[in-house]
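Raw upload_27.txt, compact mmCIF, C-alpha atoms:
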# COMPACT_ATOMS: atom_id res chain seq x y z
CA MET A 1 107.81 122.19 60.06
CA PHE A 2 109.18 123.63 56.81
CA SER A 3 112.44 124.41 58.62
CA LEU A 4 113.08 120.64 58.41
CA PRO A 5 115.29 119.39 55.55
CA GLN A 6 113.31 119.67 52.32
CA PRO A 7 113.01 116.87 49.75
CA THR A 8 115.17 116.68 46.67
CA CYS A 9 113.86 117.69 43.26
CA GLY A 10 111.17 115.42 41.91
CA GLU A 11 109.62 114.64 45.32
CA PHE A 12 106.54 116.84 44.97
CA PRO A 13 103.63 114.45 44.36
CA ASP A 14 100.66 116.35 42.94
CA GLY A 15 102.64 119.53 43.37
CA LEU A 16 102.60 119.28 47.16
CA HIS A 17 105.58 119.59 49.45
CA LEU A 18 106.78 116.31 50.87
CA VAL A 19 108.48 116.71 54.26
CA HIS A 20 110.43 113.82 55.73
CA LEU A 21 109.77 113.30 59.46
CA TYR A 22 111.98 111.30 61.74
CA GLU A 23 109.25 110.02 64.06
CA ASN A 24 107.82 106.57 63.41
CA ALA A 25 104.26 105.98 62.23
CA ASP A 26 102.92 105.11 65.70
CA VAL A 27 104.18 108.37 67.21
CA LEU A 28 102.80 110.43 64.32
CA ASN A 29 99.45 108.64 64.51
CA SER A 30 99.22 109.42 68.23
CA LEU A 31 100.21 113.03 67.62
CA VAL A 32 97.62 113.51 64.88
CA SER A 33 94.95 111.92 67.10
CA MET A 34 95.59 114.71 69.61
CA LEU A 35 95.11 117.40 66.97
CA TYR A 36 91.74 116.32 65.64
CA PRO A 37 88.37 115.61 67.33
CA VAL A 38 88.91 111.86 67.53
CA THR A 39 89.67 109.56 70.45
CA PRO A 40 93.23 110.30 71.60
CA ASP A 41 95.61 107.43 70.91
CA ILE A 42 98.08 107.55 73.82
CA PRO A 43 100.80 104.88 73.71
CA ASP A 44 100.78 102.48 76.65
CA SER A 45 104.52 101.89 76.65
CA ASN A 46 107.04 104.07 78.47
CA ASP A 47 109.16 104.58 75.37
CA GLY A 48 106.11 105.40 73.25
CA ILE A 49 104.90 108.05 75.70
CA LEU A 50 108.32 109.69 75.90
CA ALA A 51 108.67 109.65 72.11
CA LEU A 52 105.24 111.30 71.75
CA LEU A 53 106.07 113.99 74.32
CA ALA A 54 109.39 114.62 72.58
CA ALA A 55 107.54 115.08 69.28
CA THR A 56 105.17 117.65 70.79
CA GLN A 57 108.19 119.47 72.16
CA LYS A 58 109.94 119.35 68.80
CA TYR A 59 106.94 120.74 66.91
CA ASP A 60 106.12 123.25 69.68
CA VAL A 61 102.55 122.15 70.35
CA VAL A 62 102.49 123.08 74.02
CA ALA A 63 98.73 122.64 74.51
CA VAL A 64 98.88 119.11 73.09
CA GLN A 65 101.83 118.27 75.30
CA SER A 66 99.87 119.40 78.37
CA SER A 67 96.89 117.27 77.30
CA ILE A 68 99.10 114.21 76.90
CA ARG A 69 100.64 114.70 80.33
CA ALA A 70 97.19 115.08 81.87
CA GLU A 71 96.02 111.85 80.22
CA VAL A 72 99.18 110.00 81.27
CA SER A 73 98.57 111.16 84.85
CA ARG A 74 94.89 110.19 84.76
CA ARG A 75 95.67 106.70 83.51
CA LYS A 76 98.65 106.34 85.86
CA LEU A 77 101.03 105.55 83.03
CA LEU A 78 104.79 106.07 83.31
CA SER A 79 105.12 104.20 86.61
CA PRO A 80 108.18 101.99 86.04
CA THR A 81 109.76 99.92 88.78
CA GLY A 82 113.21 98.55 89.47
CA ALA A 83 115.85 98.97 86.79
CA GLU A 84 113.17 100.18 84.36
CA ALA A 85 112.75 103.33 86.49
CA PHE A 86 116.42 104.18 85.95
CA ARG A 87 116.21 103.48 82.22
CA VAL A 88 113.08 105.59 81.71
CA TYR A 89 114.76 108.42 83.64
CA ALA A 90 117.77 108.19 81.31
CA VAL A 91 115.56 108.22 78.21
CA ALA A 92 113.62 111.25 79.50
CA CYS A 93 116.95 113.01 80.01
CA SER A 94 118.09 112.19 76.49
CA LYS A 95 114.88 113.75 75.13
CA ARG A 96 115.19 116.80 77.43
CA LEU A 97 111.76 116.22 79.00
CA PHE A 98 112.30 117.89 82.37
CA PRO A 99 108.97 117.06 84.10
CA GLU A 100 109.45 113.38 83.23
CA MET A 101 113.09 113.52 84.32
CA ALA A 102 112.09 114.85 87.75
CA ALA A 103 109.19 112.41 88.15
CA MET A 104 111.28 109.41 87.13
CA ALA A 105 114.07 110.46 89.49
CA CYS A 106 111.50 110.21 92.31
CA HIS A 107 110.50 106.75 91.06
CA THR A 108 114.09 105.56 91.48
CA LEU A 109 114.22 106.51 95.18
CA GLY A 110 112.88 103.15 96.33
CA TYR A 111 115.76 101.24 94.72
CA PRO A 112 119.48 101.22 95.51
CA MET A 113 121.59 103.05 92.98
CA THR A 114 124.10 100.29 92.38
CA PHE A 115 125.52 98.68 89.26
CA GLU A 116 123.27 95.70 89.97
CA SER A 117 120.13 97.88 90.12
CA LEU A 118 121.05 99.96 87.09
CA GLY A 119 121.96 96.96 84.98
CA GLU A 120 121.79 97.60 81.25
CA ALA A 121 120.07 100.94 81.95
CA LEU A 122 123.51 102.38 82.72
CA ARG A 123 124.28 102.32 78.99
CA SER A 124 121.45 104.83 78.41
CA PHE A 125 122.84 107.50 80.75
CA GLU A 126 124.55 110.67 79.68
CA GLY A 127 127.15 111.83 82.17
CA TRP A 128 125.25 114.89 83.39
CA ALA A 129 122.06 112.82 83.85
CA LEU A 130 123.84 110.34 86.12
CA ARG A 131 125.41 113.20 88.06
CA ASP A 132 122.09 115.00 88.57
CA LEU A 133 120.35 111.82 89.71
CA THR A 134 123.13 111.12 92.21
CA CYS A 135 122.95 114.68 93.57
CA PHE A 136 119.16 114.50 93.85
CA ARG A 137 119.17 111.21 95.74
CA LEU A 138 121.92 112.45 98.07
CA SER A 139 119.95 115.64 98.78
CA CYS A 140 116.83 113.60 99.61
CA ASN A 141 118.87 111.39 101.91
CA ILE A 142 120.41 114.37 103.71
CA LYS A 143 116.99 115.99 104.13
CA LEU A 144 115.49 112.91 105.79
CA SER A 145 118.59 112.17 107.88
CA SER A 146 118.68 115.75 109.17
CA ARG A 147 115.05 115.54 110.22
CA ILE A 148 115.63 112.29 112.10
CA ASN A 149 118.68 113.76 113.84
CA LEU A 150 116.63 116.73 115.03
CA PHE A 151 114.17 114.32 116.59
CA LEU A 152 116.89 112.21 118.23
CA ASP A 153 118.45 115.38 119.66
CA CYS A 154 115.05 116.38 121.11
CA CYS A 155 115.07 119.56 119.04
CA ASP A 156 111.79 119.25 117.16
CA GLU A 157 108.09 119.61 117.92
CA TYR A 158 107.48 115.87 118.26
CA SER A 159 110.24 114.84 120.64
CA LYS A 160 108.77 116.72 123.62
CA TYR A 161 105.74 114.41 123.60
CA TRP A 162 107.97 111.38 124.17
CA LEU A 163 110.04 112.82 127.00
CA GLY A 164 109.52 111.36 130.42
CA CYS A 165 108.70 107.72 129.82
CA PRO A 166 108.74 106.65 133.49
CA ARG A 167 110.34 103.22 133.10
CA TYR A 168 112.01 102.97 129.73
CA ALA A 169 113.92 106.19 129.18
CA CYS A 170 117.24 105.65 127.47
CA LYS A 171 120.46 105.95 129.43
CA SER A 172 122.00 108.55 127.14
CA GLU A 173 122.47 111.98 128.72
CA LYS A 174 122.01 113.54 125.28
CA SER A 175 118.44 112.33 124.87
CA ARG A 176 115.56 111.40 127.11
CA LEU A 177 113.58 109.56 124.45
CA PRO A 178 112.33 106.03 125.22
CA THR A 179 115.06 103.51 124.55
CA TRP A 180 113.13 101.57 121.89
CA LEU A 181 112.29 104.77 119.99
CA GLU A 182 115.85 106.05 119.97
CA ALA A 183 117.06 102.62 118.88
CA HIS A 184 114.52 102.46 116.05
CA PHE A 185 115.51 105.79 114.50
CA THR A 186 119.21 105.19 115.09
CA ARG A 187 118.86 101.98 113.05
CA THR A 188 116.94 103.94 110.42
CA LEU A 189 119.82 106.41 110.11
CA GLU A 190 122.29 103.56 109.73
CA GLU A 191 120.16 102.03 106.98
CA LEU A 192 120.00 105.36 105.16
CA ARG A 193 123.80 105.62 105.25
CA LYS A 194 124.38 102.18 103.76
CA SER A 195 121.41 101.88 101.40
CA THR A 196 122.86 103.96 98.54
CA HIS A 197 120.28 106.64 99.20
CA ILE A 198 117.03 104.69 99.23
CA ILE A 199 114.17 106.87 100.46
CA PRO A 200 111.20 104.68 101.44
CA MET A 201 107.62 105.59 100.65
CA PRO A 202 105.95 107.53 103.51
CA HIS A 203 103.57 104.71 104.45
CA MET A 204 106.43 102.19 104.68
CA PHE A 205 108.45 104.54 106.86
CA SER A 206 105.46 104.86 109.18
CA THR A 207 104.77 101.11 109.12
CA ASN A 208 108.30 100.32 110.30
CA TYR A 209 107.86 102.71 113.24
CA LEU A 210 104.51 101.11 114.14
CA MET A 211 106.10 97.65 114.16
CA SER A 212 108.73 98.84 116.63
CA LEU A 213 106.06 100.48 118.78
CA GLN A 214 103.95 97.33 118.82
CA ALA A 215 106.94 95.17 119.79
CA HIS A 216 107.74 97.56 122.65
CA ILE A 217 104.16 97.64 123.97
CA ASN A 218 103.82 93.86 123.76
CA ALA A 219 107.08 93.33 125.62
CA LYS A 220 106.76 96.04 128.26
CA HIS A 221 103.02 96.78 128.48
CA CYS A 222 104.03 100.45 128.30
CA GLN A 223 100.94 102.62 128.60
CA PHE A 224 102.94 105.83 128.35
CA CYS A 225 104.17 105.16 124.78
CA ALA A 226 100.79 103.82 123.70
CA ARG A 227 99.13 106.99 124.99
CA VAL A 228 101.66 109.33 123.33
CA HIS A 229 101.21 107.54 120.03
CA ALA A 230 97.42 107.64 120.18
CA LEU A 231 96.86 111.16 121.51
CA GLY A 232 99.41 113.23 119.60
CA GLU A 233 97.95 115.76 117.18
CA PRO A 234 98.79 115.14 114.46
CA THR A 235 99.66 111.58 115.36
CA PHE A 236 103.34 110.76 115.31
CA SER A 237 102.94 108.17 112.55
CA ILE A 238 101.41 110.86 110.31
CA GLY A 239 104.06 113.35 111.32
CA ILE A 240 106.97 111.15 110.31
CA GLN A 241 105.31 110.51 106.97
CA GLU A 242 105.65 114.25 106.39
CA TRP A 243 109.39 113.92 107.02
CA VAL A 244 109.61 111.51 104.11
CA LYS A 245 107.35 113.55 101.85
CA LEU A 246 109.53 116.62 102.37
CA ALA A 247 112.64 114.56 101.65
CA ARG A 248 111.17 113.15 98.45
CA ASN A 249 110.11 116.64 97.33
CA VAL A 250 113.62 118.06 97.26
CA PRO A 251 113.86 120.03 93.97
CA PHE A 252 115.43 118.04 91.17
CA PRO A 253 118.61 119.70 89.82
CA ASP A 254 117.72 121.88 86.84
CA SER A 255 121.20 122.11 85.38
CA PHE A 256 120.06 123.59 82.08
CA GLY A 257 117.06 125.68 83.11
CA TRP A 258 114.50 123.29 81.60
CA GLY A 259 112.12 123.01 84.53
CA GLU A 260 109.47 125.27 85.97
CA GLY A 261 109.87 124.47 89.66
CA LYS A 262 107.08 121.87 89.70
CA ASP A 263 106.69 119.28 92.42
CA PRO A 264 107.96 116.00 90.91
CA GLU A 265 105.90 113.84 93.28
CA ASN A 266 102.66 115.26 91.85
CA MET A 267 103.48 115.04 88.16
CA PHE A 268 102.30 111.46 87.57
Translate this structure into structure tokens?
Amino acid sequence: MFSLPQPTCGEFPDGLHLVHLYENADVLNSLVSMLYPVTPDIPDSNDGILALLAATQKYDVVAVQSSIRAEVSRRKLLSPTGAEAFRVYAVACSKRLFPEMAAMACHTLGYPMTFESLGEALRSFEGWALRDLTCFRLSCNIKLSSRINLFLDCCDEYSKYWLGCPRYACKSEKSRLPTWLEAHFTRTLEELRKSTHIIPMPHMFSTNYLMSLQAHINAKHCQFCARVHALGEPTFSIGIQEWVKLARNVPFPDSFGWGEGKDPENMF
């Protein structure tokens, strides 16, 4: 602390050093509450939490920083949506808080990365932060698209269960998947290509598949597809959720060596 700029002559009340700190009173109050046996005062705003974490990083109080992150996780704080997710990511980058950068990058995956979505948050971005977020989202998109392509090419462990639908096989020589199933995942690939790298949440990805399955069964009374869906182990709907989880867990770019290889999905 005494490496900070020292006061000018005459600023030693009662003979004590007076050190000027740049953090505001709320941040310092929260920080002090973490150092003494009193009820921790964790800010409930995104900016307040990031400012507090930046202060612990500045003053090298690693144990306190870990405690704050644990409390933020327990209370499910730092869960912005929409344009706010992009802004909080940018602020975390500006404060060099790598775990929050990675976690917030994951939060942005459900929203298109367009000028309309970014809005005023774009003003908060440093160039490298925008580049890293773009690379991360593209990597997630490629991971999920590759997994879907393996399935459509009948080259994965799940496709073999769907082969041989007696009445509704597709006409393509490349694949013997049921027509409705191939059509569903072909549409999904097209949406991934044009959605500026949106990666849906696993349960939504599975729900969309279930809607297509239900429409097919209702229209064709297809017992084969109903049986494959129900008897697979693990079930196909659970399996494709894993595709999305793996895509969303692509490592965030650590351009400056700040991170520790943690899983961003499990940080908050």
List the spatial neighbours of stretch 30-43 of chain A as a PyMOL selection string - criterion: any atom at most 9 Å away, all atoms listed in the file, same-chain residues fewer than 6 positions off excluded.
chain A and resi 49+52-53+55-56+64+67-68+71-72
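Between atom CA of A:Glu84 and atom CA of A:Lys58 the interatomic distance comes to 24.9 Å.
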Please provide as JSON, numbers by chain all residues within 10 Å of A:Asn24, with the sequence filter that same-chain residues fewer than 4 positions apart are discarded (counting all atoms listed in the file).
{"A": [28, 29, 51, 52]}
Here is a test: counting only C-alpha atoms, which residue of A:Glu100, A:Glu190, A:Glu126, A:Asp156 is nearest to A:Leu50?
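Closest to A:Leu50, using only C-alpha atoms: A:Glu100.
The smallest atom-to-atom distance between A:His203 and any of A:Leu138, A:Leu133, A:Leu150, A:Val244, using all atoms listed in the file, is found for A:Val244.
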Atomic separation - atom CA of A:Ala83 relative to atom CA of A:Leu122, Å
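We find that atom CA of A:Leu122 and atom CA of A:Ala83 lie 9.3 Å from each other.
For the atom pair formed by atom CA of A:Met104 and atom CA of A:Asn208, the distance is 25.1 Å, given to one decimal.
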Any idea what's packed within 12 Å of stretch 139-147 of chain A, counting all atoms listed in the file, ignoring anything in its chain fewer than 4 positions away? Could you give it as a ChimeraX atom specification?
/A:105-106,108-110,132-135,151-159,185-202,205,239-253
Taking (101.0, 103.2, 127.5) in the file's coordinates as the center, which residues reach within 12 Å of it, counting only C-alpha atoms, put as an MDAnalysis selection string?
chainID A and resid 162 165:168 178 213:214 216:231
Which of these residues is nearest to A:Gln65, using only C-alpha atoms: A:Ala85, A:Ser79, A:Leu97, A:Ala103?
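With only C-alpha atoms as the atom set, the closest residue is A:Leu97.
When all atoms listed in the file are used to measure the gap to A:Leu130, the shortest distance among A:Leu181, A:Ala54, A:Cys93, A:Met211 belongs to A:Cys93.
The smallest atom-to-atom distance between A:Gly119 and any of A:Arg87, A:Leu78, A:Lys95, A:Asn149, using all atoms listed in the file, is found for A:Arg87.
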Go through A:Thr81, A:Gln57, A:Ser206, A:Ser212 one by one, measure the shortest atom-to-atom distance of each to A:Phe98 using all atoms listed in the file, and give the residue with the smallest value.
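Using all atoms listed in the file, the shortest distance to A:Phe98 belongs to A:Gln57.
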